[in-house]
Amino acid sequence: MEFKEKLISSYLAFEGDLDLLDSVHQTRAKALRVFEKKGFPTKKDESWKYTSLNALVNADYALFPRSEASIELKDVKKYFLYDTDTYKVIFIDGVYSPFLSNTTHDGLDVCLMSAALTKPKYRNLINTYFNKIASLEESLTALNTSYSKEGAFVYIPKKTVAEKPIEIIHFASGEEHSLWLQPRNLIVVDKNSQVQIIERHQSLKDHPVVTNSVTEVYVHEEAFVDYYKLQNDLTSASLIDNTYIQQAKNSHASVHTFSLGGKLVRNNLRYYHTGQRILSTLKGVTILEGKQHVDHSTMVHHSHPNCESHQDYKGIFSERSEGVFNGQILVEKIAQKTNAFQQNNNVLLDDKATVNSKPQLEIYADDVKCSHGCTIGQMDEEALFYLRSRGIPKKEAKALMTYAFANNVLESVQLPSLKKRINGQIASKLGVNLGFEL
Amino acid sequence: MAYTEEELKKELETKEYEYGFYTDIESDTFPVGLNEDIIRKISEKKGEPDWMTKWRLEAFSSFKKMVEPDWSNVKYKKPDLQKISYYSAPKKKPKYNSLEEVDPELLKTFDKLGISVDEQKKLSGVAVDIVMDSVSVATTFRETLAKKGIIFCSISEAIQKHPELVKKYIGTVIPPRDNYYSALNSAVFTDGSFCYIPKGVRCPMELSTYFRINQAGTGQFERTLVIADEQSYVSYLEGCTAPSRDENQLHAAVVELIALDDAEIKYSTVQNWFPGDKNGKGGVFNFVTKRGLCHNRAKISWTQVETGSAVTWKYPSCVLKGDNSIGEFYSIAVTNNFQQADTGTKMVHLGNNTRSTIISKGISAGKSQNSYRGLVKVGSRAKNARNFSQCDSLLMGNNCGAHTFPYIEAKNNSAQVEHEATTSKIGEDQIFYCNQRGIDTEKAIALIVNGFSKEVLNKLPMEFAVEAQKLLEISLEGSVG
Amino acid sequence: MLTIENLHAEVEGRTILNGIDLNVKAGEVHAIMGPNGSGKSTLSSVIAGNEDYDVTQGKILFKGKDLSGLDPEERAHLGIFLSFQYPVEIPGVTVTNFIKTAINANRKAQGLSDLGASELLKKIREKSTLLDIDSKFLSRSLNEGFSGGEKKRNEIFQMAMLEPTLAILDETDSGLDIDALKIVANGVNKFKAKENAVVVITHYQRLLEYIVPDFVHVLFGGKIVKSGTKELAHELEAKGYDWIKELA
């Protein structure tokens with residue numbers, strides 16, 4: 001049986017313990033029909049031109065883990081941002097782990113999607129926000145919606161600054177031979193509030209895992225959301241991350257994506273505006289090797305005047321790895337005085353590495369400042385020589401230059417401990433110890 | 001007392017397409033429709049050898065299996081290919097040995113086009129081949145060229161007289177099944193230009209072709225083949241016009257360039273097909289496939305000024321197959337009123353040390369949509385490929401769109417690719433500055449647009465550059481709002 | 001030549017000029033001084049016809065003609081030249097081409113035919129020597145990448161080429177070192193004649209050492225609060241603008 005068929009036929013089992021008459025469930029059922037009609041995207045779809053899911057979806061996966069996996073804190077502690085006190089929403093094979101988590105309802109809600117979807121006190125929030133900006137047409141998002149049941153739910157009320165960052169971590173235990181996960185997150189940040197979120201997906205064993213995740217983020221007036229995606233999974237794991245962000249006037253939403261691991265990673269990041277003077281920031285550092293493949297597909301939809309967006313993606317590719325950047329800036333006629341910028345810089349370190357870049361501007365307003373730039377090149381040999389002539393070994397010199405290349409993205413990371421963590425990950429990825437903090 | 005903006009706009013709107021006249025020449029036109037018989041008839045009419053007829057029919061059978069592409073950023077009603085006549089030739093058309101023999105009506109047409117053949121002959125020494133409704137009517141300067149061994153004639157004639165060259169090269173750069181319109185063209189093309197520059201010869205003059213669609217209900221499907229043998233050089237110019245008609249006319253041309261080792265081809269186009277009226281009625285659908293193949297150390301340079309056509313879909317490309325070969329693309333695309341253009345280039349780097357440059361300037365006004373779409377591809381074995389692309393868009397008014405869709409694919413780590421794009425509008429302060437110096441707003445815009453397009457205008461041969469500048473001005477008239 | 005009567009002007013609803021009266025005759029040099037924000041640049045923009053400013057009261061007469069309702073280019077055709085405080089960049093258009101276009105547009109307005117290439121060249125050579133302008137400079141894009149001094153010299157060069165009857169120099173001295181200042185002043189002095197007039201707008205007295213004014217006016221709060229001869233400029237230099245504020 002094809003995996004697509006399995007997803008459709010297994011739906012009865014999924015529905016089993018759900019309230020079929022509930023409006024959320026009707027949304028799910030509708031989404032399933034979209035997926036059934038469209039199936040998985042193929043390279044014929046313009047937005048999937050450079051990324052093939054064939055190899056992934058031609059395999060078989062368990063949809064529901066059979067046994068509850070138990071994980072010791074000591075085994076996973078290293079994946080936490082331990083030296084910062086954080087709220088934590090932790091899942092193991094898609095199932096909430098109360099033991100590892102640290103949720104709250106004190107002044108703000110950091111809890112479970114399953115609770116939000118079923119408890120009456122969240123009903124209004126769910127009616128207002130659930131599946132309102134996630135695409136109804138995009139087949140992978142629809143697939144996630146149809147199976148949406150569990151994930152993180154965050155609600156920050158008005159004038160509230162979340163004092164601790166929120167970590168959302170999805171572990172795959174490896175108990176199943178192969179596993180297909182579909183977490184669903186909903187984050188609502190009300191007026192004048194602030195929150196920092198760190199999201200990661202981590203396999204603990206070398207078994208095939210595919211995660212098709214959807215996150216909806218609502219950023220109200222004057223609010224600030226600072227979102228970090230850490231993608232440093234084992235090379236047996238793949239991730240399709242679909243993040244939809246809606247911003248109200250005077251808000252700022254920033255997403256940093258660090259793609260250092262995984263087999264195939266696709267990031268669909270979409271921004272929508274509902275007011276003026278909005279700032280949208282999209283930044284990414286991608287460092288790949290082996291046969292890793294990372295595809296960043298971004299879209300900022302400028303539909304109101306006086307807004308600004310900045311996109312800056314850096315990629316470093318060695319061995320046979322492949323990088324894709326597919327960035328779109330869409331400026332509607334009404335969105336005068338838009339400032340929208342997009343940068344994509346890539347370095348190819350090895351012969352067989354590939355970069356495909358498609359930065360797009362689609363502009364219908366005349367009084368705008370929009371630009372994009374894309375470069376593909378090598379490490380500056382002269383600079384490398386300069387460093388080596390000062391006594392820095394080649395490997396370290398290369399690492400240093402990699403840092404320099406990625407620096408303006410790393411610089412804007414607001415959490416010092418996170419910055420340190422990412423620097424460490426990059427250093428170990430490059431196999432060096434620079435002996436100093438950057 | 002000066003015009004108000006409104007009055008100015010009004011007056012300029014009534015300015016008609018300057019080249020929108022119809023020449024009253026009796027034509028021999030086929031009935032409408034597309035089928036194997038029509039293709040056989042075209043081939044027969046042209047007295048073609050069997051291999052050519054067969055080639056056309058093969059192309060047609062590929063064509064039947066294809067569907068019209070819809071990935072480009074243009075919207076239009078797809079032309080009904082069964083409602084087009086695929087052959088229309090001026091009737092009094094045997095062969096012309098000199099211009100004196102040409103139908104005087106036809107010569108008048110060229111006068112109106114501002115390309116008096118006589119005058120050009122005297123002034124610029126440009127050899128002209130004129131293709132009217134797909135049939136080549138006059139080729140000037142033939143003898144001068146023949147002395148150097150240069151063949152410059154209609155493609156029909158080349159099929160008759162130089163079948164070995166045509167057979168060897170036609171369809172090698174753009175195979176008939178390359179795309180929907182190239183397949184159609186391969187099946188039904190009625191004429192076009194052919195040019196061969198022998199080894200080591202530097203063509204002493206600009207070669208020029210003028211295309212014109214005259215007859216109603218016809219499509220134009222010309223085919224151009226330019227072969228520059230080793231170490232040769234040629235500069236080739238192409239211009240186009242069509243009468244103003246309410247209906248949409250289809251133009252689906254194929255241009256193939258072959259630059260052998262150390263050869264250089266410079267191909268310049270000033271495209272001014274009827275763009276439709278100010279309400280978006282009528283106009284030419286310009287669906288053109290142009291591609292050049294570069295052998296070792298060869299260079300192909302495309303320069304285009306696109307101001308006409310209701311819908312343009314065109315990507316002059318370079319396949320840089322040979323080591324050290326060079327591809328260039330310089331483009332100005334202006335859209336006004338309801339025009340739509342989706343144009344750009346493809347630079348395919350296959351050989352070592354290949355270089356390409358792309359400079360694209362898009363100017364949108366009125367309610368038009370102007371897209372740049374380009375591909376830079378570096379093959380896995382292409383060492384040290386270099387590309388630089390600069391795509392700038394200028395928006396005039398708030399009812400138009402400017403879009404940039406670059407595709408960059410690098411599979412070799414020694415590649416260096418740089419792409420930059422900007423979008424801006426003409427500044428009020430720039431216009432006021434010009435006004436203060438006594439320059440009126442229309443003129444100020446023309447000046448600013450010319451400045452914006454300068455890098456590309458500079459690449460055009462002298463005579464063309466002046467014409468192109470005028471065209472830019474005419475195309476943008478009435479666009480200030 | 002230029003008569004301004006009770007001129008009031010505003011921008012985006014904010015009143016900047018509050019009843020200006022000024023009379024400039026042929027052969028005269030007037031200096032308009034005043035602290036920042038006093039309305040100096042607004043005055044020059046309004047005379048040149050910048051549509052960002054609305055004239056709410058009063059009028060400007062030039063050679064007896066009411067300028068209201070005239071486009072900027074029509075005012076230029078009448079012989080008004082404004083040397084911009086911040087000259088605008090026009091990429092891709094060379095200084096030469098720009099001047100050619102401007103000269104011919106002005107000639108056309110006067111019913112004259114285009115200036116021949118050789119005459120134009122001769123004139124360019126003559127005036128560029130006067131302002132110590134390198135010929136390479138002439139082939140560069142207008143104001144693009146020019147230093148502050150180059151931009152100002154280019155403005156004066158254009159003035160020399162266009163030969164207006166009224167030249168308004170808006171903060172032409174700002175951003176100039178002493179050598180450039182001398183060159184610019186020299187250009188203006190060569191231009192000065194019986195049949196034309198110059199209005200120098202400046203914050204400092206420095207430029208007036210080289211372009212000696214017949215009259216000095218002090219602008220404050222959108223009004224001319226004091227007029228005098230060149231001694232007034234020295235007084236301002238010595239005492240600053242504070243005492244002027246008390247006059248207002």
# chains A, B, ... in the order shown; residues from 1 in each chain; ligands from 1
call {"tool": "closest_atom_pairs", "arguments": {"of": "chain B", "to": "chain A", "cutoff": "6 Å", "atoms": "only C-alpha atoms", "output": "JSON lines"}}
result
{"residue": "B:Leu395", "atom": "CA", "partner": "A:Asp366", "partner_atom": "CA", "distance": 5.2}
{"residue": "B:Asn398", "atom": "CA", "partner": "A:Asp366", "partner_atom": "CA", "distance": 5.3}
{"residue": "B:Cys400", "atom": "CA", "partner": "A:Tyr364", "partner_atom": "CA", "distance": 5.8}
{"residue": "B:Gly401", "atom": "CA", "partner": "A:Tyr364", "partner_atom": "CA", "distance": 4.1}
{"residue": "B:Ala402", "atom": "CA", "partner": "A:Ile363", "partner_atom": "CA", "distance": 5.2}
{"residue": "B:His403", "atom": "CA", "partner": "A:Glu362", "partner_atom": "CA", "distance": 4.3}
{"residue": "B:Thr404", "atom": "CA", "partner": "A:Leu361", "partner_atom": "CA", "distance": 4.8}
{"residue": "B:Phe405", "atom": "CA", "partner": "A:Gln360", "partner_atom": "CA", "distance": 4.7}
{"residue": "B:Pro406", "atom": "CA", "partner": "A:Lys358", "partner_atom": "CA", "distance": 5.5}
{"residue": "B:Tyr407", "atom": "CA", "partner": "A:Lys358", "partner_atom": "CA", "distance": 4.6}
{"residue": "B:Ile408", "atom": "CA", "partner": "A:Ser357", "partner_atom": "CA", "distance": 4.8}
{"residue": "B:Glu409", "atom": "CA", "partner": "A:Asn356", "partner_atom": "CA", "distance": 4.2}
{"residue": "B:Ala410", "atom": "CA", "partner": "A:Val355", "partner_atom": "CA", "distance": 5.1}
{"residue": "B:Lys411", "atom": "CA", "partner": "A:Thr354", "partner_atom": "CA", "distance": 4.4}
{"residue": "B:Asn412", "atom": "CA", "partner": "A:Asp351", "partner_atom": "CA", "distance": 5.4}
{"residue": "B:Asn413", "atom": "CA", "partner": "A:Leu348", "partner_atom": "CA", "distance": 4.8}
{"residue": "B:Ala415", "atom": "CA", "partner": "A:Gly377", "partner_atom": "CA", "distance": 6.0}
{"residue": "B:Gln416", "atom": "CA", "partner": "A:Gly377", "partner_atom": "CA", "distance": 4.4}
{"residue": "B:Val417", "atom": "CA", "partner": "A:Ile376", "partner_atom": "CA", "distance": 4.8}
{"residue": "B:Glu418", "atom": "CA", "partner": "A:Thr375", "partner_atom": "CA", "distance": 4.3}
{"residue": "B:His419", "atom": "CA", "partner": "A:Cys374", "partner_atom": "CA", "distance": 4.9}
{"residue": "B:Glu420", "atom": "CA", "partner": "A:Gly373", "partner_atom": "CA", "distance": 4.3}
{"residue": "B:Ala421", "atom": "CA", "partner": "A:His372", "partner_atom": "CA", "distance": 5.2}
{"residue": "B:Thr422", "atom": "CA", "partner": "A:Ser371", "partner_atom": "CA", "distance": 4.2}
{"residue": "B:Thr423", "atom": "CA", "partner": "A:Cys370", "partner_atom": "CA", "distance": 5.3}
{"residue": "B:Ser424", "atom": "CA", "partner": "A:Lys369", "partner_atom": "CA", "distance": 5.9}
{"residue": "B:Lys425", "atom": "CA", "partner": "A:Asp366", "partner_atom": "CA", "distance": 5.8}
call {"tool": "residues_around", "arguments": {"residues": "region 183-192 of chain C", "least_positions_apart": "6", "cutoff": "9 Å", "atoms": "only C-alpha atoms", "output": "compact mmCIF listing (two decimals) with all heavy atoms, in the first residue's frame"}}
result
# COMPACT_ATOMS: atom_id res chain seq x y z
N GLY C 27 20.97 93.74 -11.43
CA GLY C 27 22.29 94.23 -11.06
C GLY C 27 22.59 94.13 -9.58
O GLY C 27 23.69 94.42 -9.14
N GLU C 28 21.61 93.67 -8.80
CA GLU C 28 21.82 93.61 -7.35
C GLU C 28 22.17 92.21 -6.86
O GLU C 28 21.80 91.22 -7.47
CB GLU C 28 20.53 94.05 -6.61
CG GLU C 28 20.19 95.51 -6.81
CD GLU C 28 18.87 95.90 -6.15
OE1 GLU C 28 18.12 95.02 -5.70
OE2 GLU C 28 18.59 97.11 -6.09
N VAL C 29 22.86 92.20 -5.71
CA VAL C 29 23.09 90.93 -5.01
C VAL C 29 22.46 91.04 -3.63
O VAL C 29 22.77 91.96 -2.88
CB VAL C 29 24.60 90.63 -4.87
CG1 VAL C 29 24.81 89.35 -4.05
CG2 VAL C 29 25.27 90.51 -6.23
N LYS C 127 32.98 77.55 -19.84
CA LYS C 127 32.47 77.63 -18.48
C LYS C 127 33.12 76.62 -17.54
O LYS C 127 33.24 76.87 -16.35
CB LYS C 127 30.94 77.41 -18.47
CG LYS C 127 30.18 78.33 -19.41
CD LYS C 127 30.21 79.77 -18.95
CE LYS C 127 29.35 80.63 -19.88
NZ LYS C 127 29.53 82.07 -19.64
N LEU C 130 36.34 77.98 -16.32
CA LEU C 130 36.07 79.00 -15.32
C LEU C 130 35.88 78.40 -13.93
O LEU C 130 36.34 78.94 -12.93
CB LEU C 130 34.78 79.73 -15.75
CG LEU C 130 34.32 80.89 -14.89
CD1 LEU C 130 35.28 82.04 -15.04
CD2 LEU C 130 32.92 81.31 -15.32
N LEU C 131 35.21 77.24 -13.90
CA LEU C 131 34.91 76.62 -12.60
C LEU C 131 35.86 75.49 -12.29
O LEU C 131 35.62 74.70 -11.38
CB LEU C 131 33.47 76.12 -12.59
CG LEU C 131 32.47 77.27 -12.48
CD1 LEU C 131 31.13 76.88 -13.03
CD2 LEU C 131 32.36 77.74 -11.05
N ASP C 132 36.94 75.40 -13.06
CA ASP C 132 37.95 74.41 -12.80
C ASP C 132 37.35 72.99 -12.80
O ASP C 132 37.59 72.21 -11.90
CB ASP C 132 38.63 74.71 -11.45
CG ASP C 132 39.99 74.03 -11.36
OD1 ASP C 132 40.49 73.61 -12.43
OD2 ASP C 132 40.51 73.89 -10.25
N LYS C 152 28.14 71.13 -5.70
CA LYS C 152 27.90 72.57 -5.69
C LYS C 152 28.54 73.25 -6.90
O LYS C 152 27.98 74.14 -7.51
CB LYS C 152 28.42 73.19 -4.39
CG LYS C 152 27.66 72.70 -3.14
CD LYS C 152 26.18 73.05 -3.22
CE LYS C 152 25.32 72.34 -2.18
NZ LYS C 152 25.48 72.82 -0.83
N ARG C 153 29.73 72.79 -7.25
CA ARG C 153 30.39 73.36 -8.42
C ARG C 153 29.57 73.07 -9.67
O ARG C 153 29.44 73.89 -10.56
CB ARG C 153 31.79 72.75 -8.57
CG ARG C 153 32.86 73.80 -8.34
CD ARG C 153 34.20 73.28 -8.74
NE ARG C 153 34.66 72.23 -7.83
CZ ARG C 153 35.69 71.45 -8.11
NH1 ARG C 153 36.36 71.58 -9.24
NH2 ARG C 153 36.05 70.53 -7.25
N ILE C 156 26.74 75.52 -9.98
CA ILE C 156 27.17 76.83 -10.48
C ILE C 156 27.54 76.74 -11.97
O ILE C 156 27.30 77.65 -12.75
CB ILE C 156 28.35 77.38 -9.63
CG1 ILE C 156 27.91 77.52 -8.17
CG2 ILE C 156 28.86 78.71 -10.17
CD1 ILE C 156 26.66 78.37 -7.94
N PHE C 157 28.10 75.59 -12.34
CA PHE C 157 28.42 75.36 -13.75
C PHE C 157 27.14 75.40 -14.59
O PHE C 157 27.07 76.04 -15.64
CB PHE C 157 29.13 74.00 -13.87
CG PHE C 157 29.34 73.54 -15.29
CD1 PHE C 157 30.04 74.30 -16.20
CD2 PHE C 157 28.83 72.31 -15.70
CE1 PHE C 157 30.24 73.85 -17.50
CE2 PHE C 157 29.01 71.86 -16.98
CZ PHE C 157 29.72 72.63 -17.89
N MET C 159 24.45 76.95 -13.82
CA MET C 159 24.00 78.34 -13.83
C MET C 159 24.72 79.11 -14.93
O MET C 159 24.11 79.84 -15.71
CB MET C 159 24.26 78.97 -12.46
CG MET C 159 23.84 80.42 -12.37
SD MET C 159 24.51 81.21 -10.89
CE MET C 159 26.21 81.48 -11.40
N ALA C 160 26.02 78.91 -14.98
CA ALA C 160 26.81 79.62 -15.98
C ALA C 160 26.37 79.23 -17.39
O ALA C 160 26.34 80.07 -18.30
CB ALA C 160 28.30 79.30 -15.79
N GLU C 163 22.64 80.71 -18.07
CA GLU C 163 22.59 82.17 -18.06
C GLU C 163 21.23 82.73 -17.65
O GLU C 163 20.55 83.39 -18.44
CB GLU C 163 23.00 82.71 -19.43
CG GLU C 163 24.42 82.29 -19.77
CD GLU C 163 24.81 82.67 -21.20
OE1 GLU C 163 23.95 82.58 -22.08
OE2 GLU C 163 25.97 83.04 -21.40
N THR C 172 24.75 77.39 -0.93
CA THR C 172 25.76 76.88 -1.85
C THR C 172 27.10 76.69 -1.15
O THR C 172 27.94 75.91 -1.59
CB THR C 172 25.86 77.82 -3.07
OG1 THR C 172 24.59 77.81 -3.70
CG2 THR C 172 26.90 77.36 -4.06
N ASP C 173 27.30 77.40 -0.04
CA ASP C 173 28.59 77.30 0.64
C ASP C 173 28.70 76.09 1.56
O ASP C 173 29.78 75.71 1.96
CB ASP C 173 28.86 78.58 1.45
CG ASP C 173 27.67 78.95 2.33
OD1 ASP C 173 26.54 78.49 2.02
OD2 ASP C 173 27.85 79.70 3.29
N VAL C 198 21.34 88.24 -8.20
CA VAL C 198 21.70 87.03 -7.45
C VAL C 198 21.11 87.12 -6.04
O VAL C 198 21.19 88.17 -5.40
CB VAL C 198 23.25 86.90 -7.35
CG1 VAL C 198 23.61 85.65 -6.54
CG2 VAL C 198 23.89 86.84 -8.73
N LEU C 207 30.61 83.02 2.94
CA LEU C 207 30.50 83.15 1.49
C LEU C 207 30.42 84.61 1.07
O LEU C 207 30.88 84.99 0.00
CB LEU C 207 29.25 82.39 1.01
CG LEU C 207 28.95 82.40 -0.48
CD1 LEU C 207 30.03 81.67 -1.27
CD2 LEU C 207 27.60 81.74 -0.77
N LEU C 208 29.87 85.45 1.97
CA LEU C 208 29.66 86.85 1.63
C LEU C 208 30.96 87.65 1.60
O LEU C 208 31.01 88.77 1.13
CB LEU C 208 28.65 87.49 2.60
CG LEU C 208 27.32 86.74 2.68
CD1 LEU C 208 26.39 87.40 3.68
CD2 LEU C 208 26.65 86.67 1.31
N TYR C 210 33.24 86.66 -0.23
CA TYR C 210 33.65 86.51 -1.63
C TYR C 210 32.59 86.99 -2.61
O TYR C 210 32.89 87.46 -3.70
CB TYR C 210 34.00 85.04 -1.94
CG TYR C 210 35.08 84.52 -1.02
CD1 TYR C 210 34.81 83.83 0.14
CD2 TYR C 210 36.43 84.80 -1.34
CE1 TYR C 210 35.80 83.39 0.98
CE2 TYR C 210 37.44 84.37 -0.50
CZ TYR C 210 37.12 83.66 0.66
OH TYR C 210 38.12 83.25 1.48
N ILE C 211 31.31 86.81 -2.25
CA ILE C 211 30.24 87.36 -3.07
C ILE C 211 29.65 88.50 -2.24
O ILE C 211 28.89 88.28 -1.30
CB ILE C 211 29.15 86.32 -3.37
CG1 ILE C 211 29.77 85.08 -4.01
CG2 ILE C 211 28.09 86.90 -4.29
CD1 ILE C 211 28.80 83.92 -4.16
N VAL C 212 30.03 89.71 -2.58
CA VAL C 212 29.66 90.83 -1.71
C VAL C 212 28.24 91.29 -2.00
O VAL C 212 27.92 91.65 -3.13
CB VAL C 212 30.66 91.99 -1.89
CG1 VAL C 212 30.30 93.14 -0.94
CG2 VAL C 212 32.08 91.50 -1.63
call {"tool": "interface_residues", "arguments": {"of": "chain C", "to": "chain B", "cutoff": "7 Å", "atoms": "only C-alpha atoms", "output": "number ranges by chain"}}
result
C: 48, 50, 71-74, 76-77, 81-82, 88, 90-93, 102, 105-106
call {"tool": "residues_around", "arguments": {"residues": "Leu100 (chain A)", "least_positions_apart": "4", "cutoff": "10 Å", "atoms": "only C-alpha atoms", "output": "list of chain:residue names"}}
result
A:Ile71, A:Glu72, A:Leu73, A:Val76, A:Lys77, A:Lys88, A:Val89, A:Ile90, A:Phe91, A:Ile92, A:Tyr96
call {"tool": "write_last_selection", "arguments": {"atoms": "all heavy atoms", "output": "CSV table (one decimal), in the first residue's frame"}}
result
chain,number,residue,atom,x,y,z
A,71,ILE,N,12.1,7.8,28.4
A,71,ILE,CA,13.4,8.4,28.2
A,71,ILE,C,13.8,9.0,29.5
A,71,ILE,O,13.1,9.6,30.3
A,71,ILE,CB,13.3,9.6,27.1
A,71,ILE,CG1,12.9,9.0,25.8
A,71,ILE,CG2,14.6,10.3,27.0
A,71,ILE,CD1,12.8,10.0,24.7
A,72,GLU,N,15.1,8.8,29.8
A,72,GLU,CA,15.7,9.3,31.0
A,72,GLU,C,16.1,10.7,30.8
A,72,GLU,O,16.6,11.1,29.7
A,72,GLU,CB,16.9,8.5,31.4
A,72,GLU,CG,16.6,7.0,31.7
A,72,GLU,CD,15.9,6.9,33.0
A,72,GLU,OE1,16.3,7.6,34.0
A,72,GLU,OE2,15.0,6.1,33.1
A,73,LEU,N,15.9,11.5,31.8
A,73,LEU,CA,16.3,13.0,31.7
A,73,LEU,C,17.8,13.1,31.3
A,73,LEU,O,18.1,13.9,30.5
A,73,LEU,CB,16.0,13.7,33.0
A,73,LEU,CG,16.4,15.1,33.1
A,73,LEU,CD1,15.6,16.0,32.0
A,73,LEU,CD2,16.3,15.7,34.4
A,76,VAL,N,18.6,13.1,27.6
A,76,VAL,CA,18.1,14.2,26.7
A,76,VAL,C,18.5,15.6,27.2
A,76,VAL,O,18.3,16.6,26.5
A,76,VAL,CB,16.6,14.1,26.5
A,76,VAL,CG1,16.2,12.9,25.7
A,76,VAL,CG2,15.8,14.3,27.8
A,77,LYS,N,19.0,15.6,28.4
A,77,LYS,CA,19.3,16.9,29.1
A,77,LYS,C,20.1,17.8,28.2
A,77,LYS,O,19.9,19.0,28.1
A,77,LYS,CB,20.0,16.7,30.4
A,77,LYS,CG,19.7,17.7,31.4
A,77,LYS,CD,20.4,17.3,32.7
A,77,LYS,CE,20.8,18.6,33.4
A,77,LYS,NZ,21.7,18.4,34.6
A,88,LYS,N,9.1,24.5,29.3
A,88,LYS,CA,9.4,23.4,28.4
A,88,LYS,C,8.1,22.7,28.0
A,88,LYS,O,7.3,22.3,28.9
A,88,LYS,CB,10.4,22.4,28.9
A,88,LYS,CG,11.8,23.0,29.1
A,88,LYS,CD,12.8,21.9,29.5
A,88,LYS,CE,14.1,22.5,29.8
A,88,LYS,NZ,14.2,23.5,30.9
A,89,VAL,N,7.9,22.4,26.7
A,89,VAL,CA,6.8,21.5,26.3
A,89,VAL,C,7.5,20.5,25.5
A,89,VAL,O,8.0,20.7,24.4
A,89,VAL,CB,5.8,22.3,25.4
A,89,VAL,CG1,4.5,21.4,25.3
A,89,VAL,CG2,5.4,23.6,26.0
A,90,ILE,N,7.5,19.2,26.1
A,90,ILE,CA,8.4,18.2,25.5
A,90,ILE,C,7.5,17.0,25.0
A,90,ILE,O,6.5,16.6,25.8
A,90,ILE,CB,9.4,17.6,26.5
A,90,ILE,CG1,10.1,18.8,27.2
A,90,ILE,CG2,10.3,16.7,25.9
A,90,ILE,CD1,11.1,19.5,26.4
A,91,PHE,N,7.7,16.5,23.9
A,91,PHE,CA,7.0,15.4,23.4
A,91,PHE,C,7.9,14.3,23.0
A,91,PHE,O,9.1,14.5,22.5
A,91,PHE,CB,6.2,15.8,22.1
A,91,PHE,CG,5.3,16.9,22.3
A,91,PHE,CD1,5.7,18.3,22.2
A,91,PHE,CD2,4.0,16.7,22.8
A,91,PHE,CE1,4.8,19.3,22.4
A,91,PHE,CE2,3.1,17.8,23.0
A,91,PHE,CZ,3.5,19.1,22.9
A,92,ILE,N,7.5,13.0,23.2
A,92,ILE,CA,8.3,11.9,22.8
A,92,ILE,C,7.4,11.1,21.8
A,92,ILE,O,6.3,10.7,22.2
A,92,ILE,CB,8.7,11.0,24.0
A,92,ILE,CG1,9.5,11.9,25.0
A,92,ILE,CG2,9.5,9.8,23.6
A,92,ILE,CD1,9.7,11.3,26.4
A,96,TYR,N,2.9,13.7,24.7
A,96,TYR,CA,3.4,14.7,25.7
A,96,TYR,C,4.1,14.0,26.8
A,96,TYR,O,3.7,12.9,27.3
A,96,TYR,CB,2.2,15.5,26.2
A,96,TYR,CG,2.5,16.4,27.4
A,96,TYR,CD1,3.4,17.4,27.2
A,96,TYR,CD2,1.9,16.2,28.6
A,96,TYR,CE1,3.7,18.3,28.2
A,96,TYR,CE2,2.1,17.1,29.6
A,96,TYR,CZ,3.0,18.1,29.4
A,96,TYR,OH,3.3,19.0,30.5
call {"tool": "atom_distance", "arguments": {"atom1": "CA of Ala446 (chain B)", "atom2": "CA of Glu473 (chain B)"}}
result
5.5 Å
call {"tool": "residues_around", "arguments": {"residues": "region 322-327 of chain B", "least_positions_apart": "3", "cutoff": "12 Å", "atoms": "only C-alpha atoms", "output": "PyMOL selection string"}}
result
chain B and resi 257-267+291-303+316-319+330+345-359+376+381-389
call {"tool": "residues_around", "arguments": {"residues": "region 32-34 of chain C", "least_positions_apart": "3", "cutoff": "9 Å", "atoms": "only C-alpha atoms", "output": "MDAnalysis selection string"}}
result
chainID C and resid 37:40 199:205 215:220 224 233 236 241 244
call {"tool": "residues_around", "arguments": {"residues": "Asp37 (chain B)", "least_positions_apart": "6", "cutoff": "12 Å", "atoms": "only C-alpha atoms", "output": "PyMOL selection string"}}
result
chain B and resi 30-31+43-45+53+56-57+60+86+187-188
call {"tool": "select_by_dssp", "arguments": {"residues": "region 14-193 of chain C", "states": "strand (DSSP E)", "output": "PyMOL selection string"}}
result
chain C and resi 14-24+29-33+53-62+65-66+80-83+90-94+141-142+166-170
